[in-house]
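This report concerns only the one structure given below.
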Amino acid sequence: MLRTMRLLLMSLLLLATAITVAAQEKYGTVYFYRGGDTFDWPPEINVLNPDADVHIDGHEFLLLSERSFIGFRIPVGSHALWMRLKGKSTSQTLWVNAGRTYYVLISQVMYPIAYQTISQVNESIALESIRKYDALSLKHVKFSLFETIRENPSKKNKKKS
């Protein structure tokens with residue numbers, strides 16, 4: 001009986017490991033973050049800078065507030081990111097590889113000239129910024145097909161060190 005239970009427990013452990021490895025082969029982790037875009041301007045102008053409306057693969061994806069971040073486990077492959085502001089749009093192709101982590105900086109400036117940018121940033125620069133920000137509220141996620149990560153990645157990175 002004890003031997004059978006051990007064998008069953010070992011089988012379950014191997015199955016769980018195989019499932020975890022298979023899941024890592026199909027997804028990458030992508031953190032989106034936005035800094036303080038209008039910090040040099042008076043408070044009245046800062047209020048005029050709305051949430052950045054980010055789209056992915058033709059879907060409204062999220063409304064990203066200033067000084068916030070959020071992560072997602074996104075399927076491997078090419079994904080089209082774009083934003084539109086005052087008749088102008090900006091876009092970026094995001095290539096996601098299995099088991100890799102990416103950091104995407106979203107910027108939106110309203111004054112004196114309105115513009116937006118989407119940039120991939122290296123890990124050390126991204127984590128230095130993200131550590132100061134709050135996790136984005138889930139109510140700002142408009143396309144919730146992906147697994148959401150709200151834990152600050154800079155804290156997770158420190159635990160590994």
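Residue numbering restarts at 1 for every chain of the structure tokens, chains are lettered A, B, ... in their displayed order, and ligands are numbered from 1 as they appear.
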Per residue of stretch 26-119 of chain A within 6 Å of stretch 133-151 of chain A, record the nearest atom pair and its distance in Å to one decimal, counting only C-alpha atoms, with rows in chain order and ascending residue number, as CSV.
residue,atom,partner,partner_atom,distance
A:Phe61,CA,A:Phe143,CA,4.7
A:Leu62,CA,A:Val141,CA,4.4
A:Leu63,CA,A:His140,CA,5.1
A:Arg67,CA,A:Tyr133,CA,5.0
A:Ser68,CA,A:Asp134,CA,4.9
A:Phe69,CA,A:Ala135,CA,5.1
A:Ile70,CA,A:Arg150,CA,5.5
A:Gly71,CA,A:Ile149,CA,4.5
A:Phe72,CA,A:Thr148,CA,4.6
A:Arg73,CA,A:Glu147,CA,5.3
Prev. selection, N, CA, C and O atoms, output as a PDB file, in the first residue's frame:
ATOM      1  N   PHE A  61      -6.704  46.472 -25.210  1.00  0.00           N
ATOM      2  CA  PHE A  61      -5.993  45.610 -24.285  1.00  0.00           C
ATOM      3  C   PHE A  61      -6.001  46.143 -22.863  1.00  0.00           C
ATOM      4  O   PHE A  61      -6.478  45.497 -21.939  1.00  0.00           O
ATOM      5  N   LEU A  62      -5.479  47.361 -22.676  1.00  0.00           N
ATOM      6  CA  LEU A  62      -5.443  47.918 -21.331  1.00  0.00           C
ATOM      7  C   LEU A  62      -5.346  49.429 -21.376  1.00  0.00           C
ATOM      8  O   LEU A  62      -4.956  50.013 -22.374  1.00  0.00           O
ATOM      9  N   LEU A  63      -5.764  50.043 -20.268  1.00  0.00           N
ATOM     10  CA  LEU A  63      -5.650  51.486 -20.068  1.00  0.00           C
ATOM     11  C   LEU A  63      -4.578  51.671 -18.999  1.00  0.00           C
ATOM     12  O   LEU A  63      -4.818  51.384 -17.826  1.00  0.00           O
ATOM     13  N   ARG A  67       2.807  55.955 -13.827  1.00  0.00           N
ATOM     14  CA  ARG A  67       3.452  55.318 -12.674  1.00  0.00           C
ATOM     15  C   ARG A  67       2.788  53.990 -12.277  1.00  0.00           C
ATOM     16  O   ARG A  67       2.514  53.735 -11.108  1.00  0.00           O
ATOM     17  N   SER A  68       2.540  53.150 -13.284  1.00  0.00           N
ATOM     18  CA  SER A  68       1.947  51.836 -13.014  1.00  0.00           C
ATOM     19  C   SER A  68       2.597  50.769 -13.899  1.00  0.00           C
ATOM     20  O   SER A  68       3.272  51.082 -14.871  1.00  0.00           O
ATOM     21  N   PHE A  69       2.380  49.502 -13.534  1.00  0.00           N
ATOM     22  CA  PHE A  69       2.891  48.367 -14.309  1.00  0.00           C
ATOM     23  C   PHE A  69       1.891  47.227 -14.218  1.00  0.00           C
ATOM     24  O   PHE A  69       1.052  47.177 -13.317  1.00  0.00           O
ATOM     25  N   ILE A  70       2.005  46.295 -15.155  1.00  0.00           N
ATOM     26  CA  ILE A  70       1.240  45.052 -15.098  1.00  0.00           C
ATOM     27  C   ILE A  70       1.929  44.049 -16.023  1.00  0.00           C
ATOM     28  O   ILE A  70       2.516  44.435 -17.032  1.00  0.00           O
ATOM     29  N   GLY A  71       1.894  42.777 -15.633  1.00  0.00           N
ATOM     30  CA  GLY A  71       2.517  41.738 -16.442  1.00  0.00           C
ATOM     31  C   GLY A  71       1.491  40.735 -16.936  1.00  0.00           C
ATOM     32  O   GLY A  71       0.410  40.595 -16.358  1.00  0.00           O
ATOM     33  N   PHE A  72       1.852  40.045 -18.018  1.00  0.00           N
ATOM     34  CA  PHE A  72       0.982  39.026 -18.606  1.00  0.00           C
ATOM     35  C   PHE A  72       1.829  37.877 -19.113  1.00  0.00           C
ATOM     36  O   PHE A  72       2.952  38.061 -19.557  1.00  0.00           O
ATOM     37  N   ARG A  73       1.246  36.676 -19.048  1.00  0.00           N
ATOM     38  CA  ARG A  73       1.847  35.522 -19.723  1.00  0.00           C
ATOM     39  C   ARG A  73       1.173  35.470 -21.083  1.00  0.00           C
ATOM     40  O   ARG A  73      -0.010  35.204 -21.185  1.00  0.00           O
TER      41      ARG A  73
END
Neighbouring residues of A:Asn122 were defined as those with any atom within 10 Å, considering only C-alpha atoms; residues of the same chain fewer than 5 positions away were excluded. Please report them as a PyMOL selection string.
chain A and resi 101-104+127
Emit the selected residues as an mmCIF file, in the first residue's frame, including N, CA, C and O atoms.
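Result written to out.cif:
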data_model
loop_
_atom_site.group_PDB
_atom_site.id
_atom_site.type_symbol
_atom_site.label_atom_id
_atom_site.label_comp_id
_atom_site.auth_asym_id
_atom_site.auth_seq_id
_atom_site.Cartn_x
_atom_site.Cartn_y
_atom_site.Cartn_z
ATOM 1 N N THR A 101 11.329 36.847 -20.620
ATOM 2 C CA THR A 101 10.618 37.970 -20.016
ATOM 3 C C THR A 101 10.973 39.239 -20.775
ATOM 4 O O THR A 101 12.147 39.468 -21.098
ATOM 5 N N TYR A 102 9.954 40.046 -21.061
ATOM 6 C CA TYR A 102 10.114 41.293 -21.817
ATOM 7 C C TYR A 102 9.526 42.448 -21.012
ATOM 8 O O TYR A 102 8.595 42.260 -20.230
ATOM 9 N N TYR A 103 10.046 43.645 -21.258
ATOM 10 C CA TYR A 103 9.581 44.857 -20.586
ATOM 11 C C TYR A 103 9.257 45.895 -21.652
ATOM 12 O O TYR A 103 10.119 46.235 -22.468
ATOM 13 N N VAL A 104 8.014 46.374 -21.640
ATOM 14 C CA VAL A 104 7.557 47.335 -22.644
ATOM 15 C C VAL A 104 7.180 48.628 -21.934
ATOM 16 O O VAL A 104 6.274 48.651 -21.093
ATOM 17 N N LEU A 127 13.444 47.340 -14.469
ATOM 18 C CA LEU A 127 13.226 47.009 -13.061
ATOM 19 C C LEU A 127 13.518 48.195 -12.148
ATOM 20 O O LEU A 127 12.830 48.392 -11.145
#
Residue with the minimum atom-to-atom distance to A:Ile56, picked from A:Ala98, A:Ile125, A:Leu81, A:Ala114 with only C-alpha atoms counted, is A:Leu81
So that I can see what lies close to A:Arg100, please list as number ranges by chain the residues with an atom at most 10 Å from it, counting only C-alpha atoms and leaving out residues fewer than 6 positions away in the same chain.
A: 24-25, 27-30, 73, 76
Can you pull out every residue within 12 Å of A:Ile106, counting only C-alpha atoms, but drop anything in the same chain fewer than 6 positions away, and send it as a ChimeraX atom specification?
/A:31-37,51-55,62-70,81-83,90-92,115-121,126
Alpha helix (DSSP H) call set, DSSP backbone run, stretch 55-127 of chain A, as a list in words:
Glu123, Ser124, Ile125, Ala126 and Leu127 of chain A
Considering only C-alpha atoms, can you say which of A:Gly87, A:Pro112, A:Gly77, A:Gly99 comes closest to A:Leu48?
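Result for the nearest residue to A:Leu48: A:Pro112.
Among the candidates A:Gly58, A:Ser124, A:His79, A:Ile130, the one nearest to A:Asn97 when counting only C-alpha atoms is A:His79.
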Taking the backbone alone, and naming residues the way the document does, which bits of stretch 66-105 of chain A are strand (DSSP E or B) by DSSP, as a PyMOL selection string?
chain A and resi 68-75+77-85+88-96+101-105
Selection from above, N, CA, C and O atoms, as a short mmCIF file (atom, residue, chain, number, x, y, z; two decimals), in the first residue's frame, can you write it?
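Ended up saving to part-v6.cif:
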data_model
loop_
_atom_site.label_atom_id
_atom_site.label_comp_id
_atom_site.auth_asym_id
_atom_site.auth_seq_id
_atom_site.Cartn_x
_atom_site.Cartn_y
_atom_site.Cartn_z
N SER A 68 2.54 53.15 -13.28
CA SER A 68 1.95 51.84 -13.01
C SER A 68 2.60 50.77 -13.90
O SER A 68 3.27 51.08 -14.87
N PHE A 69 2.38 49.50 -13.53
CA PHE A 69 2.89 48.37 -14.31
C PHE A 69 1.89 47.23 -14.22
O PHE A 69 1.05 47.18 -13.32
N ILE A 70 2.01 46.30 -15.16
CA ILE A 70 1.24 45.05 -15.10
C ILE A 70 1.93 44.05 -16.02
O ILE A 70 2.52 44.43 -17.03
N GLY A 71 1.89 42.78 -15.63
CA GLY A 71 2.52 41.74 -16.44
C GLY A 71 1.49 40.74 -16.94
O GLY A 71 0.41 40.59 -16.36
N PHE A 72 1.85 40.05 -18.02
CA PHE A 72 0.98 39.03 -18.61
C PHE A 72 1.83 37.88 -19.11
O PHE A 72 2.95 38.06 -19.56
N ARG A 73 1.25 36.68 -19.05
CA ARG A 73 1.85 35.52 -19.72
C ARG A 73 1.17 35.47 -21.08
O ARG A 73 -0.01 35.20 -21.19
N ILE A 74 1.97 35.75 -22.12
CA ILE A 74 1.44 35.90 -23.48
C ILE A 74 1.96 34.76 -24.35
O ILE A 74 3.13 34.39 -24.25
N PRO A 75 1.11 34.21 -25.22
CA PRO A 75 1.54 33.11 -26.09
C PRO A 75 2.74 33.50 -26.96
O PRO A 75 2.88 34.65 -27.38
N GLY A 77 5.08 34.03 -30.06
CA GLY A 77 4.81 34.48 -31.42
C GLY A 77 4.86 35.99 -31.54
O GLY A 77 5.29 36.70 -30.63
N SER A 78 4.41 36.47 -32.68
CA SER A 78 4.42 37.90 -32.99
C SER A 78 3.09 38.53 -32.57
O SER A 78 2.03 37.99 -32.86
N HIS A 79 3.18 39.66 -31.89
CA HIS A 79 1.98 40.38 -31.45
C HIS A 79 2.10 41.84 -31.83
O HIS A 79 3.14 42.47 -31.63
N ALA A 80 1.03 42.39 -32.37
CA ALA A 80 1.01 43.79 -32.79
C ALA A 80 0.46 44.66 -31.66
O ALA A 80 -0.65 44.46 -31.20
N LEU A 81 1.28 45.61 -31.22
CA LEU A 81 0.86 46.59 -30.21
C LEU A 81 0.66 47.92 -30.91
O LEU A 81 1.44 48.28 -31.78
N TRP A 82 -0.39 48.65 -30.55
CA TRP A 82 -0.57 49.98 -31.10
C TRP A 82 -1.40 50.85 -30.18
O TRP A 82 -2.13 50.36 -29.33
N MET A 83 -1.21 52.16 -30.37
CA MET A 83 -1.96 53.17 -29.61
C MET A 83 -2.34 54.29 -30.58
O MET A 83 -1.67 54.51 -31.57
N ARG A 84 -3.42 55.00 -30.26
CA ARG A 84 -3.87 56.12 -31.08
C ARG A 84 -4.14 57.29 -30.16
O ARG A 84 -4.73 57.14 -29.11
N LEU A 85 -3.70 58.48 -30.60
CA LEU A 85 -3.90 59.69 -29.82
C LEU A 85 -4.05 60.86 -30.77
O LEU A 85 -3.16 61.11 -31.59
N LYS A 88 -3.27 60.40 -34.45
CA LYS A 88 -1.97 59.82 -34.78
C LYS A 88 -1.86 58.48 -34.07
O LYS A 88 -2.31 58.32 -32.94
N SER A 89 -1.22 57.53 -34.74
CA SER A 89 -1.03 56.23 -34.09
C SER A 89 0.44 55.86 -34.07
O SER A 89 1.24 56.35 -34.87
N THR A 90 0.78 55.00 -33.14
CA THR A 90 2.11 54.44 -33.04
C THR A 90 1.96 52.93 -32.85
O THR A 90 0.98 52.48 -32.25
N SER A 91 2.90 52.18 -33.40
CA SER A 91 2.78 50.72 -33.29
C SER A 91 4.16 50.09 -33.11
O SER A 91 5.18 50.72 -33.38
N GLN A 92 4.14 48.87 -32.68
CA GLN A 92 5.37 48.12 -32.45
C GLN A 92 5.01 46.64 -32.52
O GLN A 92 3.97 46.21 -32.04
N THR A 93 5.87 45.85 -33.14
CA THR A 93 5.70 44.40 -33.14
C THR A 93 6.48 43.83 -31.96
O THR A 93 7.64 44.17 -31.76
N LEU A 94 5.82 43.00 -31.20
CA LEU A 94 6.44 42.36 -30.04
C LEU A 94 6.59 40.87 -30.34
O LEU A 94 5.60 40.19 -30.59
N TRP A 95 7.83 40.41 -30.36
CA TRP A 95 8.11 38.98 -30.56
C TRP A 95 8.31 38.34 -29.20
O TRP A 95 9.19 38.74 -28.45
N VAL A 96 7.48 37.36 -28.89
CA VAL A 96 7.54 36.67 -27.60
C VAL A 96 8.10 35.27 -27.81
O VAL A 96 7.57 34.51 -28.62
N THR A 101 11.33 36.85 -20.62
CA THR A 101 10.62 37.97 -20.02
C THR A 101 10.97 39.24 -20.78
O THR A 101 12.15 39.47 -21.10
N TYR A 102 9.95 40.05 -21.06
CA TYR A 102 10.11 41.29 -21.82
C TYR A 102 9.53 42.45 -21.01
O TYR A 102 8.59 42.26 -20.23
N TYR A 103 10.05 43.64 -21.26
CA TYR A 103 9.58 44.86 -20.59
C TYR A 103 9.26 45.89 -21.65
O TYR A 103 10.12 46.24 -22.47
N VAL A 104 8.01 46.37 -21.64
CA VAL A 104 7.56 47.34 -22.64
C VAL A 104 7.18 48.63 -21.93
O VAL A 104 6.27 48.65 -21.09
N LEU A 105 7.88 49.70 -22.30
CA LEU A 105 7.62 51.03 -21.74
C LEU A 105 6.62 51.75 -22.64
O LEU A 105 6.84 51.89 -23.84
#
